[in-house]
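Data file: work36.pdb. Format and content: PDB, C-alpha atoms, pLDDT in the B column.
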```
MODEL        1
ATOM      1  CA  MET A   1     -26.512  50.371  64.247  1.00 84.00           C
ATOM      2  CA  TRP A   2     -24.658  49.759  60.990  1.00 86.00           C
ATOM      3  CA  LEU A   3     -26.488  52.709  59.391  1.00 89.00           C
ATOM      4  CA  PHE A   4     -25.302  54.992  62.176  1.00 92.00           C
ATOM      5  CA  ALA A   5     -21.732  53.752  61.678  1.00 91.00           C
ATOM      6  CA  LEU A   6     -22.068  54.434  57.949  1.00 89.00           C
ATOM      7  CA  PHE A   7     -23.233  58.014  58.592  1.00 90.00           C
ATOM      8  CA  ILE A   8     -20.173  58.555  60.762  1.00 92.00           C
ATOM      9  CA  ALA A   9     -17.618  56.691  58.624  1.00 92.00           C
ATOM     10  CA  VAL A  10     -18.411  58.165  55.186  1.00 91.00           C
ATOM     11  CA  PRO A  11     -17.849  61.837  56.119  1.00 90.00           C
ATOM     12  CA  LEU A  12     -14.667  60.901  57.999  1.00 93.00           C
ATOM     13  CA  ILE A  13     -13.370  59.008  54.953  1.00 93.00           C
ATOM     14  CA  GLU A  14     -14.259  61.969  52.702  1.00 91.00           C
ATOM     15  CA  ILE A  15     -12.500  64.473  54.974  1.00 92.00           C
ATOM     16  CA  ALA A  16      -9.385  62.309  55.134  1.00 93.00           C
ATOM     17  CA  LEU A  17      -9.338  61.908  51.348  1.00 92.00           C
ATOM     18  CA  PHE A  18      -9.819  65.655  50.801  1.00 91.00           C
ATOM     19  CA  ILE A  19      -6.885  66.383  53.102  1.00 92.00           C
ATOM     20  CA  GLN A  20      -4.647  63.808  51.397  1.00 92.00           C
ATOM     21  CA  VAL A  21      -5.528  64.745  47.808  1.00 91.00           C
ATOM     22  CA  GLY A  22      -5.573  68.483  48.534  1.00 91.00           C
ATOM     23  CA  GLY A  23      -2.154  68.237  50.176  1.00 91.00           C
ATOM     24  CA  ALA A  24      -0.745  66.325  47.203  1.00 93.00           C
ATOM     25  CA  ILE A  25      -2.135  68.374  44.294  1.00 92.00           C
ATOM     26  CA  GLY A  26      -3.436  71.598  45.859  1.00 91.00           C
ATOM     27  CA  LEU A  27      -6.806  73.192  46.540  1.00 90.00           C
ATOM     28  CA  TRP A  28      -7.938  74.263  43.052  1.00 93.00           C
ATOM     29  CA  PRO A  29      -7.090  71.018  41.248  1.00 93.00           C
ATOM     30  CA  THR A  30      -8.880  69.118  44.013  1.00 92.00           C
ATOM     31  CA  LEU A  31     -12.009  71.249  43.616  1.00 90.00           C
ATOM     32  CA  ALA A  32     -11.784  70.926  39.824  1.00 93.00           C
ATOM     33  CA  ILE A  33     -11.709  67.127  40.133  1.00 92.00           C
ATOM     34  CA  VAL A  34     -14.783  67.170  42.370  1.00 89.00           C
ATOM     35  CA  VAL A  35     -16.735  69.339  39.912  1.00 91.00           C
ATOM     36  CA  LEU A  36     -15.517  67.346  36.899  1.00 92.00           C
ATOM     37  CA  THR A  37     -16.581  64.024  38.436  1.00 89.00           C
ATOM     38  CA  ALA A  38     -20.043  65.460  39.134  1.00 88.00           C
ATOM     39  CA  VAL A  39     -20.446  66.618  35.504  1.00 90.00           C
ATOM     40  CA  VAL A  40     -19.086  63.411  33.952  1.00 90.00           C
ATOM     41  CA  GLY A  41     -21.060  61.268  36.404  1.00 87.00           C
ATOM     42  CA  THR A  42     -24.283  63.067  35.549  1.00 86.00           C
ATOM     43  CA  GLN A  43     -23.778  62.412  31.830  1.00 89.00           C
ATOM     44  CA  LEU A  44     -22.975  58.730  32.446  1.00 88.00           C
ATOM     45  CA  MET A  45     -25.957  58.427  34.771  1.00 86.00           C
ATOM     46  CA  ARG A  46     -28.300  59.830  32.113  1.00 88.00           C
ATOM     47  CA  ALA A  47     -27.034  57.343  29.523  1.00 88.00           C
ATOM     48  CA  GLN A  48     -27.242  54.364  31.893  1.00 86.00           C
ATOM     49  CA  GLY A  49     -30.664  55.506  33.115  1.00 86.00           C
ATOM     50  CA  ALA A  50     -32.013  55.632  29.555  1.00 88.00           C
ATOM     51  CA  LEU A  51     -30.702  52.111  28.958  1.00 86.00           C
ATOM     52  CA  ALA A  52     -32.296  50.824  32.176  1.00 86.00           C
ATOM     53  CA  LEU A  53     -35.597  52.484  31.254  1.00 87.00           C
ATOM     54  CA  SER A  54     -35.604  50.796  27.843  1.00 87.00           C
ATOM     55  CA  GLN A  55     -34.884  47.433  29.507  1.00 86.00           C
ATOM     56  CA  LEU A  56     -37.778  48.047  31.907  1.00 86.00           C
ATOM     57  CA  ARG A  57     -40.140  48.846  29.032  1.00 88.00           C
ATOM     58  CA  GLU A  58     -38.972  45.704  27.228  1.00 88.00           C
ATOM     59  CA  SER A  59     -39.628  43.539  30.290  1.00 86.00           C
ATOM     60  CA  PHE A  60     -43.139  45.016  30.618  1.00 84.00           C
ATOM     61  CA  GLY A  61     -43.777  44.513  26.923  1.00 84.00           C
ATOM     62  CA  GLN A  62     -42.764  40.853  27.085  1.00 83.00           C
ATOM     63  CA  LEU A  63     -44.489  40.279  30.462  1.00 82.00           C
ATOM     64  CA  ASN A  64     -41.169  39.354  32.075  1.00 80.00           C
ATOM     65  CA  ASP A  65     -40.286  39.916  35.715  1.00 80.00           C
ATOM     66  CA  PRO A  66     -39.389  43.646  35.996  1.00 82.00           C
ATOM     67  CA  THR A  67     -37.435  43.224  39.225  1.00 84.00           C
ATOM     68  CA  GLU A  68     -33.935  43.364  37.743  1.00 86.00           C
ATOM     69  CA  PRO A  69     -34.472  46.435  35.523  1.00 87.00           C
ATOM     70  CA  LEU A  70     -36.154  48.211  38.451  1.00 88.00           C
ATOM     71  CA  ALA A  71     -33.220  47.360  40.720  1.00 89.00           C
ATOM     72  CA  HIS A  72     -30.761  48.609  38.086  1.00 89.00           C
ATOM     73  CA  GLY A  73     -32.731  51.854  37.810  1.00 89.00           C
ATOM     74  CA  ALA A  74     -32.687  52.316  41.580  1.00 91.00           C
ATOM     75  CA  MET A  75     -28.928  51.714  41.709  1.00 92.00           C
ATOM     76  CA  ILE A  76     -28.371  54.201  38.869  1.00 91.00           C
ATOM     77  CA  LEU A  77     -30.471  56.783  40.713  1.00 90.00           C
ATOM     78  CA  PHE A  78     -28.479  56.165  43.895  1.00 92.00           C
ATOM     79  CA  SER A  79     -25.199  56.455  41.958  1.00 92.00           C
ATOM     80  CA  GLY A  80     -26.341  59.852  40.657  1.00 88.00           C
ATOM     81  CA  ALA A  81     -26.946  61.042  44.203  1.00 89.00           C
ATOM     82  CA  LEU A  82     -23.493  59.801  45.210  1.00 90.00           C
ATOM     83  CA  LEU A  83     -21.821  61.474  42.227  1.00 88.00           C
ATOM     84  CA  LEU A  84     -23.456  64.811  43.009  1.00 86.00           C
ATOM     85  CA  THR A  85     -22.261  64.564  46.610  1.00 86.00           C
ATOM     86  CA  PRO A  86     -18.822  66.174  46.847  1.00 87.00           C
ATOM     87  CA  GLY A  87     -16.148  63.665  47.731  1.00 88.00           C
ATOM     88  CA  PHE A  88     -13.806  61.052  46.378  1.00 91.00           C
ATOM     89  CA  PHE A  89     -15.174  57.994  48.185  1.00 94.00           C
ATOM     90  CA  THR A  90     -18.780  58.720  47.178  1.00 92.00           C
ATOM     91  CA  ASP A  91     -17.605  59.362  43.596  1.00 92.00           C
ATOM     92  CA  PHE A  92     -15.825  56.010  43.564  1.00 93.00           C
ATOM     93  CA  VAL A  93     -18.937  54.174  44.779  1.00 93.00           C
ATOM     94  CA  GLY A  94     -21.144  56.180  42.394  1.00 92.00           C
ATOM     95  CA  PHE A  95     -18.962  55.371  39.372  1.00 91.00           C
ATOM     96  CA  ALA A  96     -18.817  51.713  40.422  1.00 93.00           C
ATOM     97  CA  LEU A  97     -22.626  51.568  40.452  1.00 92.00           C
ATOM     98  CA  LEU A  98     -22.671  52.832  36.861  1.00 90.00           C
ATOM     99  CA  ILE A  99     -20.815  49.713  35.687  1.00 91.00           C
ATOM    100  CA  PRO A 100     -23.424  47.108  34.602  1.00 90.00           C
ATOM    101  CA  PRO A 101     -21.482  44.027  35.842  1.00 93.00           C
ATOM    102  CA  VAL A 102     -21.143  45.635  39.282  1.00 94.00           C
ATOM    103  CA  ARG A 103     -24.886  46.357  39.379  1.00 92.00           C
ATOM    104  CA  ARG A 104     -25.652  42.819  38.212  1.00 93.00           C
ATOM    105  CA  ALA A 105     -23.435  41.330  40.934  1.00 94.00           C
ATOM    106  CA  LEU A 106     -25.061  43.535  43.579  1.00 94.00           C
ATOM    107  CA  TYR A 107     -28.514  42.563  42.313  1.00 92.00           C
ATOM    108  CA  HIS A 108     -27.726  38.837  42.504  1.00 92.00           C
ATOM    109  CA  TRP A 109     -26.203  39.253  45.964  1.00 92.00           C
ATOM    110  CA  ALA A 110     -29.298  41.120  47.192  1.00 90.00           C
ATOM    111  CA  ARG A 111     -31.641  38.650  45.518  1.00 89.00           C
ATOM    112  CA  SER A 112     -29.955  35.749  47.307  1.00 89.00           C
ATOM    113  CA  ARG A 113     -30.596  37.476  50.635  1.00 87.00           C
ATOM    114  CA  ILE A 114     -34.212  38.555  49.987  1.00 83.00           C
ATOM    115  CA  GLN A 115     -37.048  36.057  49.829  1.00 78.00           C
ATOM    116  CA  VAL A 116     -40.204  36.972  47.923  1.00 69.00           C
ATOM    117  CA  GLN A 117     -43.255  35.181  49.318  1.00 68.00           C
ATOM    118  CA  THR A 118     -45.445  35.040  46.212  1.00 63.00           C
ATOM    119  CA  PHE A 119     -45.607  36.842  42.914  1.00 59.00           C
ATOM    120  CA  THR A 120     -47.507  35.961  39.760  1.00 63.00           C
ATOM    121  CA  MET A 121     -47.750  37.917  36.584  1.00 62.00           C
ATOM    122  CA  GLY A 122     -49.924  37.627  33.526  1.00 61.00           C
ATOM    123  CA  PRO A 123     -53.204  38.827  32.076  1.00 63.00           C
ATOM    124  CA  GLN A 124     -54.939  38.630  35.445  1.00 60.00           C
ATOM    125  CA  GLY A 125     -52.269  40.866  37.018  1.00 54.00           C
ATOM    126  CA  PRO A 126     -50.240  40.403  40.186  1.00 52.00           C
ATOM    127  CA  GLN A 127     -51.958  38.255  42.787  1.00 53.00           C
ATOM    128  CA  ARG A 128     -51.273  37.414  46.364  1.00 53.00           C
ATOM    129  CA  THR A 129     -52.014  33.931  47.548  1.00 55.00           C
ATOM    130  CA  HIS A 130     -54.537  33.551  50.346  1.00 54.00           C
ATOM    131  CA  HIS A 131     -53.162  32.522  53.701  1.00 55.00           C
ATOM    132  CA  PRO A 132     -55.560  31.029  56.262  1.00 58.00           C
ATOM    133  CA  ASP A 133     -54.453  33.470  58.970  1.00 59.00           C
ATOM    134  CA  ASP A 134     -55.477  36.557  56.926  1.00 62.00           C
ATOM    135  CA  ASP A 135     -58.272  38.707  58.368  1.00 67.00           C
ATOM    136  CA  VAL A 136     -61.483  38.633  56.350  1.00 68.00           C
ATOM    137  CA  ILE A 137     -63.698  41.690  56.345  1.00 70.00           C
ATOM    138  CA  ASP A 138     -67.321  41.045  55.384  1.00 71.00           C
ATOM    139  CA  GLY A 139     -69.681  43.914  54.707  1.00 76.00           C
ATOM    140  CA  ASP A 140     -72.861  45.097  53.013  1.00 77.00           C
ATOM    141  CA  PHE A 141     -73.336  48.129  50.847  1.00 74.00           C
ATOM    142  CA  THR A 142     -76.102  50.473  49.814  1.00 80.00           C
ATOM    143  CA  ASP A 143     -76.098  52.353  46.513  1.00 79.00           C
ATOM    144  CA  VAL A 144     -76.260  56.072  47.273  1.00 80.00           C
ATOM    145  CA  THR A 145     -76.060  57.371  43.690  1.00 79.00           C
ATOM    146  CA  PRO A 146     -78.209  60.531  43.443  1.00 77.00           C
ATOM    147  CA  GLU A 147     -81.164  60.622  41.085  1.00 75.00           C
ATOM    148  CA  LYS A 148     -80.612  62.260  37.718  1.00 72.00           C
ATOM    149  CA  ARG A 149     -82.272  65.652  37.537  1.00 67.00           C
ATOM    150  CA  PRO A 150     -82.998  67.647  34.404  1.00 62.00           C
ATOM    151  CA  THR A 151     -80.248  70.072  33.454  1.00 65.00           C
ATOM    152  CA  HIS A 152     -82.733  72.863  32.703  1.00 63.00           C
ATOM    153  CA  PRO A 153     -85.459  73.402  35.286  1.00 63.00           C
ATOM    154  CA  GLY A 154     -88.929  73.852  33.838  1.00 62.00           C
ATOM    155  CA  VAL A 155     -88.166  71.882  30.657  1.00 60.00           C
ATOM    156  CA  GLU A 156     -89.793  68.481  30.717  1.00 62.00           C
ATOM    157  CA  GLY A 157     -88.898  65.660  28.360  1.00 62.00           C
ATOM    158  CA  PRO A 158     -86.213  65.408  25.708  1.00 61.00           C
ATOM    159  CA  SER A 159     -85.101  68.528  23.875  1.00 61.00           C
ATOM    160  CA  GLY A 160     -85.169  66.937  20.463  1.00 63.00           C
ATOM    161  CA  TRP A 161     -81.447  67.494  19.952  1.00 67.00           C
ATOM    162  CA  THR A 162     -80.457  64.058  21.186  1.00 66.00           C
ATOM    163  CA  LYS A 163     -81.755  60.571  20.521  1.00 64.00           C
ATOM    164  CA  HIS A 164     -82.860  58.342  23.365  1.00 55.00           C
TER     165      HIS A 164
ENDMDL
END
```
Turn this file's structure into structure tokens for me.
Amino acid sequence: MWLFALFIAVPLIEIALFIQVGGAIGLWPTLAIVVLTAVVGTQLMRAQGALALSQLRESFGQLNDPTEPLAHGAMILFSGALLLTPGFFTDFVGFALLIPPVRRALYHWARSRIQVQTFTMGPQGPQRTHHPDDDVIDGDFTDVTPEKRPTHPGVEGPSGWTKH
């Protein structure tokens, strides 16, 4: 329900802001601001995205939890989409998401509301703990690999060009 309200509220807020700003400064300056924020936002998003990518690589290299750099990258990607969307409210939210302390606060807020069941990391890779109520599938297998056939019919034995 809240998502539906968001899809209704955001365009209404944008229309109201366009009317107010356009009435105060005129049509062409309003359109110039919208285009300028998209261009500046794209440049800022590229710089912040490169920084987030380097932090992600660093966390992988040190075998640290990559959750925070991944979340920052997702928020930067979302801010780029908001900045390319014409409007003042979406530009405000998009620029806010490009500020690292804002992203960090959002990450900590989301992390406090999301509970991860299990996650381990190390040389053995991510593992999920076994729960007794999991379904177990037992099965047998048969090897169906085809027999190797000579590459040249009529030629028996090694060609002499390779060692066996």
Reference answer for the PyMOL selection byres ((chain A and resi 17-20) around 8), as a PyMOL selection string: chain A and resi 13-16+21-24+30+87-89
For this file, the PyMOL selection byres ((chain A and resi 97) around 9) selects which residues, as a JSON list (two decimals) with C-alpha atoms, in the coordinates of the input?
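Contents of result-v3.json, as written:
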```json
[["chain", "number", "residue", "atom", "x", "y", "z"],
["A", 72, "HIS", "CA", -30.76, 48.61, 38.09],
["A", 75, "MET", "CA", -28.93, 51.71, 41.71],
["A", 76, "ILE", "CA", -28.37, 54.20, 38.87],
["A", 78, "PHE", "CA", -28.48, 56.16, 43.90],
["A", 79, "SER", "CA", -25.20, 56.46, 41.96],
["A", 92, "PHE", "CA", -15.82, 56.01, 43.56],
["A", 93, "VAL", "CA", -18.94, 54.17, 44.78],
["A", 94, "GLY", "CA", -21.14, 56.18, 42.39],
["A", 95, "PHE", "CA", -18.96, 55.37, 39.37],
["A", 96, "ALA", "CA", -18.82, 51.71, 40.42],
["A", 98, "LEU", "CA", -22.67, 52.83, 36.86],
["A", 99, "ILE", "CA", -20.82, 49.71, 35.69],
["A", 100, "PRO", "CA", -23.42, 47.11, 34.60],
["A", 101, "PRO", "CA", -21.48, 44.03, 35.84],
["A", 102, "VAL", "CA", -21.14, 45.64, 39.28],
["A", 103, "ARG", "CA", -24.89, 46.36, 39.38],
["A", 106, "LEU", "CA", -25.06, 43.54, 43.58]]
```
Two-atom distance - CA of Ala105 (chain A), CA of Phe4 (chain A) (Å): 25.3 Å
Could you work out an axis-aligned box for region 80-97 of chain A, taking every atom the file lists and adding 3 Å on each side, and report centre and edge lengths in Å to one decimal, as lines of an AutoDock Vina configuration file?
```
center_x = -20.4
center_y = 58.9
center_z = 43.8
size_x = 19.1
size_y = 20.6
size_z = 14.8
```
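Taking CA of Arg57 (chain A) and CA of Gln43 (chain A) as the two end points, the separation is 21.4 Å.
Between CA of Leu70 (chain A) and CA of Leu53 (chain A) lies a distance of 8.4 Å.
In terms of minimum interatomic distance to Thr90 (chain A), A:Ala9 ranks closest within A:Ile137, A:Ala110, A:Leu27, A:Ala9, counting all atoms listed in the file.
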